[in-house]
Amino acid sequence: IGAPSKFSVKEKALMGILSLRHYPRNSLLGAIFKCHPKTSQRICLEELEKLHDYVESQVDFTNVIERTRSGIKLFGQLFTWAIDGSEQKVNGSSDNVTDYRFYSQKKTQKSINILAICDLEGRILWLSPSYPGSYSDKDILRQHWSEIKDHFSGDENGLG
């Protein structure tokens with residue numbers, strides 16, 4: 001199990017937030033928090049996992065009645081959800097061979113991509129895991145469609 005952490009909950013959360021907002025290298029976080037870069041990497045990953053678990057617990061497909069109530073009819077079709085991706089720039093290593101998967105042709109930078117499905121009132125119905133920037137929104141949706149599609153009725157359509 002290892003030795004107890006020398007960092008408080010607040011310090012760990014700050015380290016995680018810094019890594020999300022500024023994408024510093026682990027060596028910089030290590031220098032700021034006076035720890036080994038691998039320790040800062042481990043703490044950031046743990047904090048991101050906690051954040052993911054919390055967000056995932058808040059996400060719900062609701063039900064078709066609620067989605068239909070907030071949906072709109074266009075051209076005789078009912079639209080109840082919208083989908084979009086978000087690419088976030090990340091710092092890569094100095095090894096471009098390792099980092100090629102993170103390179104986004106669209107953004108011409110190294111990035112991660114995450115996909116979200118929301119109802120038309122803005123409630124998050126589903127979030128994808130993070131994918132390297134080389135994955136398009138369509139690639140991510142294809143990988144997860146089999147788990148998503150059963151949540152929608154045959155009358156529902158999405159925008160995106």
# chains A, B, ... in the order shown; residues from 1 in each chain; ligands from 1
>>> residues_around(residues="Leu18 of chain A", least_positions_apart="3", cutoff="12 Å", atoms="only C-alpha atoms", output="list in words")
Glu11, Lys12, Ala13, Leu14, Met15, Arg21, His22, Tyr23, Pro24, Arg25, Asn26, Leu28, Leu29, Gly30, Ile32, Phe33, Ser40, Gln41, Ile43, Cys44, Glu47 and Leu48 of chain A
>>> select_by_dssp(residues="chain A", states="alpha helix (DSSP H)", output="VMD selection string")
chain A and resid 9 to 22 26 to 33 37 to 58 64 to 70 96 to 99 137 to 148
>>> residues_around(residues="segment 71-88 of chain A", least_positions_apart="2", cutoff="6 Å", atoms="only C-alpha atoms", output="ChimeraX atom specification")
/A:67-69,111-120,137,156-160
>>> write_last_selection(atoms="C-alpha atoms", output="PDB file, in the first residue's frame")
ATOM      1  CA  ARG A  67     -36.158  14.227 -23.471  1.00  0.00           C
ATOM      2  CA  THR A  68     -39.271  14.402 -25.674  1.00  0.00           C
ATOM      3  CA  ARG A  69     -40.678  17.269 -23.586  1.00  0.00           C
ATOM      4  CA  SER A 111      -4.477  17.171 -27.895  1.00  0.00           C
ATOM      5  CA  ILE A 112      -7.036  14.931 -26.232  1.00  0.00           C
ATOM      6  CA  ASN A 113     -10.630  14.648 -27.398  1.00  0.00           C
ATOM      7  CA  ILE A 114     -13.766  14.001 -25.357  1.00  0.00           C
ATOM      8  CA  LEU A 115     -17.318  13.624 -26.649  1.00  0.00           C
ATOM      9  CA  ALA A 116     -20.493  14.698 -24.832  1.00  0.00           C
ATOM     10  CA  ILE A 117     -24.177  14.041 -25.489  1.00  0.00           C
ATOM     11  CA  CYS A 118     -26.642  16.494 -23.913  1.00  0.00           C
ATOM     12  CA  ASP A 119     -30.395  16.859 -24.007  1.00  0.00           C
ATOM     13  CA  LEU A 120     -31.680  20.093 -25.493  1.00  0.00           C
ATOM     14  CA  ASP A 137     -15.663  12.746 -32.888  1.00  0.00           C
ATOM     15  CA  GLU A 156     -35.455  10.270 -31.289  1.00  0.00           C
ATOM     16  CA  ASN A 157     -32.797  11.970 -33.401  1.00  0.00           C
ATOM     17  CA  GLY A 158     -29.661  13.849 -32.462  1.00  0.00           C
ATOM     18  CA  LEU A 159     -28.020  17.044 -33.628  1.00  0.00           C
ATOM     19  CA  GLY A 160     -24.297  17.405 -34.008  1.00  0.00           C
TER      20      GLY A 160
END
>>> select_by_dssp(residues="segment 23-128 of chain A", states="strand (DSSP E or B)", output="VMD selection string")
chain A and resid 72 to 74 77 to 89 103 to 104 109 to 119 124 to 127
>>> closest_residue(among="A:Tyr103, A:Pro129, A:Arg142, A:Asn91", to="Asp53 of chain A", atoms="only C-alpha atoms")
A:Pro129
>>> atom_distance(atom1="atom CA of Leu45 of chain A", atom2="atom CA of Ser128 of chain A")
17.0 Å
>>> atom_distance(atom1="atom CA of Val59 of chain A", atom2="atom CA of Lys106 of chain A")
28.3 Å
>>> closest_residue(among="A:Ser27, A:Ser19, A:Arg42, A:Val64", to="Gly154 of chain A", atoms="only C-alpha atoms")
A:Val64
>>> closest_residue(among="A:Glu66, A:Glu147, A:Glu46, A:Asp139", to="Val9 of chain A", atoms="only C-alpha atoms")
A:Glu46
>>> atom_distance(atom1="atom CA of Phe102 of chain A", atom2="atom CA of Ser134 of chain A")
5.5 Å
